[in-house]
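Undergrad: A single structure is presented below for examination.
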Amino acid sequence: CRLSEQFEQRTTVKEYRAIVWGEVAQDHGIIDTHVRINPKVREKMQVCEAEGNARQAVTHYEVAERFRGFTFMHLKPKTGRTHQLRLHMSNLGHPIVADELYGGGKCVRVADVDGSIAQAERETLLSRKAESAAKKSGFESVVDTFDDVLIRRQALHAFRLSFRHPESGIPMTFEAPWPQDFEECLLALRSQSEKSH
């Protein structure tokens with residue numbers, strides 16, 4: 001079966017990881033809605049009634065880790081609608097971190113992770129960021145570490161894709177490594193969580 005046909009028939013399995021605002025109550029669940037383009041803001045999608053040009057959107061979710069004020073999520077879309085995961089998490093009341101379009105703000109700072117973080121701990125975290133950035137080339141990447149921003153883009157990561165080889169039919173799975181800023185945000189959340197227990 002050609003790869004394009006597998007996508008059309010929804011036999012591929014796509015898995016995402018996300019850091020969202022707030023503490024998601026249910027350990028797992030299914031979000032099943034209809035969506036369409038927001039008529040007032042054309043670059044956004046919106047949840048709507050099952051009518052007209054609305055299309056069904058289904059997302060399976062599972063809580064991986066809970067932190068104070070944040071949740072690390074495993075997301076599996078069963079459909080592939082535009083902005084589906086971003087819209088569904090926002091509609092659940094837990095927008096994806098740094099997803100400004102859907103209510104997740106512009107970024108997450110050290111102070112957001114722990115408003116009472118000690119100055120010494122903050123400096124340690126920032127120096128770790130500076131050290132990792134120093135390994136890269138480019139002036140801008142180094143300068144960028146001197147603020148306390150942990151992540152300044154959507155905390156959504158396309159983690160795993162599984163499908164059958166178009167010719168042999170053998171199941172194949174590919175995983176993408178964590179982006180550095182995503183991993184740093186998770187490390188900061190875990191560090192805060194350990195200190196609060």
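The chains in the structure tokens are called A, B, ... from first to last as shown; in each chain the residues are counted from 1, and the ligands are counted from 1 in the order shown.
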Neighbouring residues of Asn91 in chain A were defined as those with any atom within 9 Å, considering only C-alpha atoms; residues of the same chain fewer than 6 positions away were excluded. Please report them as a PyMOL selection string.
TA: chain A and resi 46-47+102
Undergrad: With N, CA, C and O atoms retained, write the just-selected residues as an mmCIF file, in the first residue's frame.
TA:
data_model
loop_
_atom_site.group_PDB
_atom_site.id
_atom_site.type_symbol
_atom_site.label_atom_id
_atom_site.label_comp_id
_atom_site.auth_asym_id
_atom_site.auth_seq_id
_atom_site.Cartn_x
_atom_site.Cartn_y
_atom_site.Cartn_z
ATOM 1 N N GLN A 46 -11.590 26.522 14.571
ATOM 2 C CA GLN A 46 -12.480 26.549 15.734
ATOM 3 C C GLN A 46 -13.303 25.276 15.801
ATOM 4 O O GLN A 46 -13.575 24.636 14.783
ATOM 5 N N VAL A 47 -13.669 24.898 17.029
ATOM 6 C CA VAL A 47 -14.581 23.778 17.250
ATOM 7 C C VAL A 47 -15.986 24.259 16.910
ATOM 8 O O VAL A 47 -16.356 25.390 17.212
ATOM 9 N N TYR A 102 -3.493 30.075 20.075
ATOM 10 C CA TYR A 102 -4.558 29.347 20.773
ATOM 11 C C TYR A 102 -4.498 29.515 22.285
ATOM 12 O O TYR A 102 -4.953 28.652 23.034
#
Undergrad: Would you list the contacts of Tyr61 in chain A as a ChimeraX atom specification, taking every protein, DNA or RNA residue within 6 Å and counting only C-alpha atoms, but skipping same-chain residues closer than 2 positions in sequence?
TA: /A:28-29,74-75
Undergrad: Ranking A:Glu194, A:Ile31, A:Gly104, A:Pro77 by minimum distance to Ala158 in chain A and counting only C-alpha atoms, which one comes first?
TA: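 Of all the options, A:Pro77 lies closest to Ala158 in chain A.
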Undergrad: State, in Å with one decimal place, the distance from CA of Lys44 in chain A to CA of Arg17 in chain A.
TA: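 A separation of 21.2 Å between them.
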Undergrad: I'd like the contact shell of Leu156 in chain A - 7 Å cut-off, only C-alpha atoms, skipping same-chain residues fewer than 3 positions apart - returned as a compact mmCIF listing (two decimals) with N, CA, C and O atoms, in the first residue's frame.
TA:
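See out.txt below for the written result:
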# COMPACT_ATOMS: atom_id res chain seq x y z
N TYR A 16 2.64 12.54 19.07
CA TYR A 16 3.22 13.82 19.41
C TYR A 16 3.42 13.91 20.92
O TYR A 16 2.76 13.21 21.68
N ARG A 17 4.32 14.78 21.32
CA ARG A 17 4.51 15.12 22.72
C ARG A 17 4.27 16.62 22.87
O ARG A 17 4.65 17.40 21.99
N ALA A 18 3.64 17.00 23.96
CA ALA A 18 3.34 18.42 24.18
C ALA A 18 3.43 18.76 25.66
O ALA A 18 3.16 17.92 26.51
N ILE A 19 3.82 19.99 25.93
CA ILE A 19 3.75 20.54 27.28
C ILE A 19 2.63 21.55 27.26
O ILE A 19 2.62 22.46 26.41
Undergrad: Extract, using only C-alpha atoms, all DNA, RNA and protein residues at most 8 Å from Lys106 in chain A, discarding same-chain residues fewer than 3 positions from it, and format them as a list in words.
TA: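 In the requested form, the answer reads Ala98, Asp99, Glu100, Arg152 and Arg153 of chain A.
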Undergrad: For the residues selected in the previous step, produce a file with all heavy atoms as a compact mmCIF listing (two decimals), in the first residue's frame.
TA:
# COMPACT_ATOMS: atom_id res chain seq x y z
N ALA A 98 3.37 28.27 24.87
CA ALA A 98 3.93 29.16 23.86
C ALA A 98 3.21 29.09 22.51
O ALA A 98 3.78 29.45 21.49
CB ALA A 98 5.43 28.93 23.69
N ASP A 99 1.97 28.63 22.53
CA ASP A 99 1.13 28.66 21.32
C ASP A 99 0.23 29.89 21.41
O ASP A 99 -0.91 29.81 21.87
CB ASP A 99 0.30 27.38 21.21
CG ASP A 99 -0.51 27.31 19.92
OD1 ASP A 99 -0.46 28.28 19.13
OD2 ASP A 99 -1.21 26.30 19.72
N GLU A 100 0.76 31.00 21.00
CA GLU A 100 0.07 32.28 21.19
C GLU A 100 -1.28 32.32 20.48
O GLU A 100 -2.24 32.89 20.99
CB GLU A 100 0.96 33.43 20.68
CG GLU A 100 0.44 34.80 21.06
CD GLU A 100 1.41 35.91 20.72
OE1 GLU A 100 2.43 35.64 20.04
OE2 GLU A 100 1.17 37.04 21.15
N ARG A 152 10.30 29.44 23.50
CA ARG A 152 9.60 30.57 22.91
C ARG A 152 8.88 30.18 21.62
O ARG A 152 8.66 30.99 20.75
CB ARG A 152 10.56 31.74 22.67
CG ARG A 152 11.70 31.46 21.75
CD ARG A 152 12.53 32.72 21.46
NE ARG A 152 13.46 33.04 22.50
CZ ARG A 152 13.34 34.11 23.31
NH1 ARG A 152 12.35 34.94 23.18
NH2 ARG A 152 14.24 34.32 24.25
N ARG A 153 8.55 28.90 21.50
CA ARG A 153 7.75 28.41 20.37
C ARG A 153 6.82 27.33 20.91
O ARG A 153 6.95 26.90 22.05
CB ARG A 153 8.65 27.83 19.29
CG ARG A 153 9.48 26.68 19.83
CD ARG A 153 10.03 25.76 18.79
NE ARG A 153 10.72 24.64 19.43
CZ ARG A 153 10.13 23.47 19.71
NH1 ARG A 153 8.85 23.25 19.43
NH2 ARG A 153 10.81 22.51 20.30
Undergrad: For the strand (DSSP E) assignment from backbone DSSP, which residues of range 27-108 of chain A qualify? Please present them as an MDAnalysis selection string.
TA: chainID A and resid 28:37 45:48 55:67 70:77 108
Undergrad: What does the distance from CA of Cys107 in chain A to CA of Thr59 in chain A come to in Å, to one decimal?
TA: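 Separation between CA of Cys107 in chain A and CA of Thr59 in chain A: 24.5 Å.
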Undergrad: Using only C-alpha atoms, which residues sit within 8 Å of Gly69 in chain A once same-chain residues fewer than 6 positions away are excluded, as a PDB file with N, CA, C and O atoms, in the first residue's frame?
TA:
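part-v2.pdb was written with the following content:
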ATOM      1  N   TRP A  21      -0.341  24.082  29.466  1.00  0.00           N
ATOM      2  CA  TRP A  21      -0.610  24.838  30.689  1.00  0.00           C
ATOM      3  C   TRP A  21      -1.647  24.109  31.539  1.00  0.00           C
ATOM      4  O   TRP A  21      -2.601  23.524  31.005  1.00  0.00           O
ATOM      5  N   GLY A  22      -1.463  24.153  32.839  1.00  0.00           N
ATOM      6  CA  GLY A  22      -2.439  23.583  33.764  1.00  0.00           C
ATOM      7  C   GLY A  22      -2.227  22.100  33.982  1.00  0.00           C
ATOM      8  O   GLY A  22      -1.426  21.452  33.308  1.00  0.00           O
ATOM      9  N   GLU A  23      -2.963  21.572  34.939  1.00  0.00           N
ATOM     10  CA  GLU A  23      -2.844  20.154  35.299  1.00  0.00           C
ATOM     11  C   GLU A  23      -4.076  19.414  34.789  1.00  0.00           C
ATOM     12  O   GLU A  23      -5.178  19.569  35.317  1.00  0.00           O
ATOM     13  N   VAL A 113       7.735  28.569  35.626  1.00  0.00           N
ATOM     14  CA  VAL A 113       7.889  27.205  36.135  1.00  0.00           C
ATOM     15  C   VAL A 113       7.884  27.205  37.655  1.00  0.00           C
ATOM     16  O   VAL A 113       7.295  26.353  38.297  1.00  0.00           O
TER      17      VAL A 113
END
Undergrad: For each of A:Asp112, A:Glu15, A:Glu49, A:Glu65, take the minimum atom-to-atom distance to Val35 in chain A, counting only C-alpha atoms, then give the residue where this is smallest.
TA: A:Glu49
Undergrad: Please provide the set of residues having any atom within 9 Å of Ala64 in chain A, restricted to only C-alpha atoms, with same-chain residues fewer than 6 positions apart removed, written as a PyMOL selection string.
TA: chain A and resi 27+71-74
Undergrad: Using the selection just defined, write its residues with all heavy atoms as a PDB file, in the first residue's frame.
TA:
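Here's the written file out-v3.pdb:
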ATOM      1  N   ASP A  27      -6.438  11.034  33.300  1.00  0.00           N
ATOM      2  CA  ASP A  27      -5.184  10.393  32.900  1.00  0.00           C
ATOM      3  C   ASP A  27      -5.122  10.173  31.390  1.00  0.00           C
ATOM      4  O   ASP A  27      -4.050  10.206  30.791  1.00  0.00           O
ATOM      5  CB  ASP A  27      -5.007   9.053  33.606  1.00  0.00           C
ATOM      6  CG  ASP A  27      -4.687   9.225  35.084  1.00  0.00           C
ATOM      7  OD1 ASP A  27      -4.232  10.321  35.474  1.00  0.00           O
ATOM      8  OD2 ASP A  27      -4.897   8.260  35.847  1.00  0.00           O
ATOM      9  N   THR A  71       1.398  20.200  32.360  1.00  0.00           N
ATOM     10  CA  THR A  71       1.271  18.758  32.132  1.00  0.00           C
ATOM     11  C   THR A  71       2.023  18.387  30.868  1.00  0.00           C
ATOM     12  O   THR A  71       1.964  19.101  29.862  1.00  0.00           O
ATOM     13  CB  THR A  71      -0.210  18.333  31.974  1.00  0.00           C
ATOM     14  OG1 THR A  71      -0.968  18.795  33.100  1.00  0.00           O
ATOM     15  CG2 THR A  71      -0.341  16.815  31.891  1.00  0.00           C
ATOM     16  N   PHE A  72       2.746  17.269  30.941  1.00  0.00           N
ATOM     17  CA  PHE A  72       3.438  16.715  29.778  1.00  0.00           C
ATOM     18  C   PHE A  72       2.521  15.660  29.179  1.00  0.00           C
ATOM     19  O   PHE A  72       2.120  14.717  29.858  1.00  0.00           O
ATOM     20  CB  PHE A  72       4.776  16.121  30.216  1.00  0.00           C
ATOM     21  CG  PHE A  72       5.580  15.497  29.113  1.00  0.00           C
ATOM     22  CD1 PHE A  72       5.643  16.069  27.852  1.00  0.00           C
ATOM     23  CD2 PHE A  72       6.299  14.324  29.344  1.00  0.00           C
ATOM     24  CE1 PHE A  72       6.400  15.503  26.842  1.00  0.00           C
ATOM     25  CE2 PHE A  72       7.068  13.748  28.350  1.00  0.00           C
ATOM     26  CZ  PHE A  72       7.111  14.342  27.094  1.00  0.00           C
ATOM     27  N   MET A  73       2.187  15.802  27.893  1.00  0.00           N
ATOM     28  CA  MET A  73       1.156  14.979  27.262  1.00  0.00           C
ATOM     29  C   MET A  73       1.695  14.123  26.120  1.00  0.00           C
ATOM     30  O   MET A  73       2.601  14.528  25.395  1.00  0.00           O
ATOM     31  CB  MET A  73       0.065  15.889  26.682  1.00  0.00           C
ATOM     32  CG  MET A  73      -0.570  16.855  27.660  1.00  0.00           C
ATOM     33  SD  MET A  73      -1.634  16.022  28.849  1.00  0.00           S
ATOM     34  CE  MET A  73      -2.950  15.446  27.779  1.00  0.00           C
ATOM     35  N   HIS A  74       1.077  12.943  25.952  1.00  0.00           N
ATOM     36  CA  HIS A  74       1.232  12.126  24.754  1.00  0.00           C
ATOM     37  C   HIS A  74      -0.044  12.323  23.941  1.00  0.00           C
ATOM     38  O   HIS A  74      -1.151  12.110  24.460  1.00  0.00           O
ATOM     39  CB  HIS A  74       1.382  10.650  25.109  1.00  0.00           C
ATOM     40  CG  HIS A  74       2.669  10.319  25.797  1.00  0.00           C
ATOM     41  ND1 HIS A  74       3.035   9.025  26.088  1.00  0.00           N
ATOM     42  CD2 HIS A  74       3.680  11.100  26.243  1.00  0.00           C
ATOM     43  CE1 HIS A  74       4.215   9.028  26.689  1.00  0.00           C
ATOM     44  NE2 HIS A  74       4.619  10.275  26.803  1.00  0.00           N
TER      45      HIS A  74
END
Undergrad: Considering only C-alpha atoms, state which residue in the set A:Ser191, A:Thr173, A:Gln84, A:Asn53 is at the smallest distance from Thr33 in chain A.
TA: A:Gln84
Undergrad: If you measure from CA of Arg81 in chain A to CA of Gly169 in chain A, what distance in Å do you get, rounded to one decimal?
TA: 26.4 Å
